[in-house]
Amino acid sequence: MPAPAVASDVVNAVEPVTGLILSGGGARAAYQVGVLAGIGDLLPPGSPNPFPVIVGTSAGAINAVKLASGAAHFNNAIHELTAFWQSFRSHQVLRSDWTGVLRQATRFFGNSLMGFGSQVPVALLDSSPLRDLLNERLRMQGIQEAINAQHLRAVAVTAFGYESGRAVTFYQGKGAIDPWLRHRRIGVPTELTVDHLLASSAIPLLFAPVRLDQEYFGDGAVRQSAPISPALHLGANRVLVVGVSGNPRGTAANSGVQRVLNGVQPSLAQISGHLMNSTFIDSLESDIELLERMNLVGQLLPSEGQFHRPGLAPVEVLVIAPSQPIDEIAARHRHELPRALRTFLRGPGATKTSGAGVLSYLLFEAGYCRELVELGRHDAMAQSEQLKKFLRLE
């Protein structure tokens, strides 16, 4: 069971410090942008960045850094991020042409499975176009500018070290924020670069690991047992969590309602979809549940003792997650995939409804991303009163 997000991770502060948690999930991260756009609509014009601490993992790390680098003009950063996702095409993230797909697949099977050829990073897909896209669209120096102007306390991205087996949170922040060391998770101060984002978003087996210093790193969601913890280490004492779960709370998938089973053998894509959900979603949802339970425990203590016992200071948390199954949305847009990728994914069953879980992470196409953005905006508006209260907008 994942370690609680609290339990010695909370940093007490006189004033409330709001943290934003953007989880991983490949193309699903377009949903986060819609939620942020909804928040932008609630903020008065010209409002400063409402999230002094911003933490992202995987594709959420890209969104986090984009917000952090534009923290001085928060609404403008959201508009740019929305336009960025609504115009997405697969070729901007990975090689989706026949030559690129076949070449990478040949290298993967020849080298990784048969041992032929020179050593190459293990990956089924060639994600080299993503580096050019991030270098073009992101102003990494904007992070330090926002920190110097006091629009931002800290921003962090998490990646997984394949050799050390640890989830490493790389953070850039104001002043001396102490690094931390927990079981298989550490915090390291650094100046963030595009390489940190590429490492954090390198989905295992699909995208190549990225070397940072002396170690190769992959997607930060792997073995990230406490996704909320970095924000608390960086000074947040209240957090807004934007998840990308494929099954909304209260649906038959997680409410205990008996589902009708057809006994069909699962496809490779269906199995892979569950493994990816376990990596990107389960730890975050478990961490939220544990945090809520710790808050309940803290409420049972005498009020004069709550804030003097380590790990029991209350952490206000608000969660916004998809109100519709993302897999079903992906299945409706599967025709948007370039032909080479569609053919490549057809064999494992990713283009079938049962295998749409994998597709939902890889469908970097405008129609799908736009629908996720609109869903995120809709869900944010549905919780507008809670958001106003949480962000002290009343």
# chains A, B, ... in the order shown; residues from 1 in each chain; ligands from 1
$ select_by_dssp --residues "segment 48-214 of chain A" --states "strand (DSSP E or B)" --output "ChimeraX atom specification"
/A:53-57,154-161,167-173,181-182,185-189,210-212
$ residues_around --residues "Leu362 of chain A" --least-positions-apart "5" --cutoff "9 Å" --atoms "only C-alpha atoms" --output "VMD selection string"
chain A and resid 26 to 28 90
$ write_last_selection --atoms "C-alpha atoms" --output "compact mmCIF listing (two decimals), in the first residue's frame"
# COMPACT_ATOMS: atom_id res chain seq x y z
CA GLY A 26 0.02 10.88 -22.01
CA ALA A 27 -2.67 12.43 -24.20
CA ARG A 28 -5.10 12.28 -21.27
CA SER A 90 0.60 12.77 -33.47
$ residues_around --residues "segment 190-200 of chain A" --least-positions-apart "3" --cutoff "8 Å" --atoms "only C-alpha atoms" --output "tab-separated table (two decimals) with N, CA and C atoms, in the first residue's frame"
chain	number	residue	atom	x	y	z
A	57	THR	N	3.72	15.31	-13.22
A	57	THR	CA	4.34	14.03	-13.53
A	57	THR	C	3.95	13.62	-14.94
A	58	SER	N	4.89	13.05	-15.69
A	58	SER	CA	4.64	12.58	-17.04
A	58	SER	C	4.17	13.76	-17.91
A	59	ALA	N	3.09	13.58	-18.68
A	59	ALA	CA	2.60	14.70	-19.49
A	59	ALA	C	2.14	15.86	-18.61
A	61	ALA	N	3.77	16.98	-16.23
A	61	ALA	CA	4.96	17.79	-15.99
A	61	ALA	C	5.11	18.88	-17.03
A	62	ILE	N	4.74	18.57	-18.28
A	62	ILE	CA	4.81	19.57	-19.35
A	62	ILE	C	3.82	20.69	-19.06
A	130	LEU	N	9.08	15.14	-30.03
A	130	LEU	CA	8.62	15.85	-28.84
A	130	LEU	C	9.67	16.82	-28.33
A	131	ARG	N	10.93	16.46	-28.44
A	131	ARG	CA	11.99	17.37	-27.98
A	131	ARG	C	11.95	18.68	-28.76
A	134	LEU	N	8.93	20.81	-27.60
A	134	LEU	CA	9.09	21.46	-26.30
A	134	LEU	C	10.11	22.60	-26.37
A	135	ASN	N	11.17	22.39	-27.10
A	135	ASN	CA	12.16	23.48	-27.25
A	135	ASN	C	11.54	24.69	-27.93
A	140	MET	N	11.92	27.94	-20.70
A	140	MET	CA	12.33	27.40	-19.40
A	140	MET	C	12.88	28.50	-18.49
A	157	VAL	N	8.99	18.33	-11.13
A	157	VAL	CA	8.59	17.22	-12.01
A	157	VAL	C	9.25	15.96	-11.47
A	158	THR	N	8.57	14.84	-11.63
A	158	THR	CA	9.07	13.58	-11.09
A	158	THR	C	9.39	12.61	-12.22
A	159	ALA	N	10.53	11.94	-12.11
A	159	ALA	CA	10.94	10.91	-13.07
A	159	ALA	C	11.40	9.68	-12.29
A	160	PHE	N	11.42	8.55	-12.98
A	160	PHE	CA	11.77	7.28	-12.34
A	160	PHE	C	13.14	6.82	-12.80
A	170	PHE	N	12.57	16.34	-9.24
A	170	PHE	CA	13.47	17.46	-9.52
A	170	PHE	C	12.68	18.75	-9.36
A	171	TYR	N	13.17	19.65	-8.52
A	171	TYR	CA	12.41	20.87	-8.26
A	171	TYR	C	13.28	22.11	-8.36
A	172	GLN	N	12.65	23.19	-8.77
A	172	GLN	CA	13.29	24.50	-8.85
A	172	GLN	C	12.43	25.46	-8.05
A	209	PRO	N	13.94	5.90	-22.65
A	209	PRO	CA	14.43	6.56	-21.43
A	209	PRO	C	15.36	7.72	-21.78
A	210	VAL	N	15.51	8.65	-20.85
A	210	VAL	CA	16.35	9.83	-21.07
A	210	VAL	C	17.42	9.86	-19.99
A	211	ARG	N	18.63	10.14	-20.39
A	211	ARG	CA	19.73	10.17	-19.44
A	211	ARG	C	19.84	11.54	-18.78
A	212	LEU	N	19.86	11.53	-17.45
A	212	LEU	CA	20.07	12.73	-16.65
A	212	LEU	C	21.26	12.45	-15.74
A	217	PHE	N	16.34	7.76	-16.99
A	217	PHE	CA	15.07	7.95	-16.31
A	217	PHE	C	13.91	7.72	-17.27
A	218	GLY	N	12.79	7.29	-16.69
A	218	GLY	CA	11.56	7.12	-17.45
A	218	GLY	C	10.41	7.79	-16.75
A	219	ASP	N	9.20	7.44	-17.15
A	219	ASP	CA	8.00	8.11	-16.68
A	219	ASP	C	7.93	8.16	-15.15
A	220	GLY	N	7.67	9.35	-14.63
A	220	GLY	CA	7.67	9.55	-13.19
A	220	GLY	C	6.56	8.85	-12.44
A	221	ALA	N	5.52	8.40	-13.15
A	221	ALA	CA	4.43	7.72	-12.47
A	221	ALA	C	4.81	6.31	-12.02
$ closest_residue --among "A:Gln141, A:Gln32, A:Asn75, A:Ser87" --to "Tyr368 of chain A" --atoms "only C-alpha atoms"
A:Ser87
$ atom_distance --atom1 "atom CA of Gln86 of chain A" --atom2 "atom CA of Leu152 of chain A"
26.3 Å
$ closest_residue --among "A:Phe74, A:Ala340, A:Arg166, A:Ser69" --to "Pro45 of chain A" --atoms "only C-alpha atoms"
A:Phe74
$ atom_distance --atom1 "atom CA of Val242 of chain A" --atom2 "atom CA of Gln383 of chain A"
12.3 Å
$ atom_distance --atom1 "atom CA of Ala156 of chain A" --atom2 "atom CA of Val55 of chain A"
4.8 Å
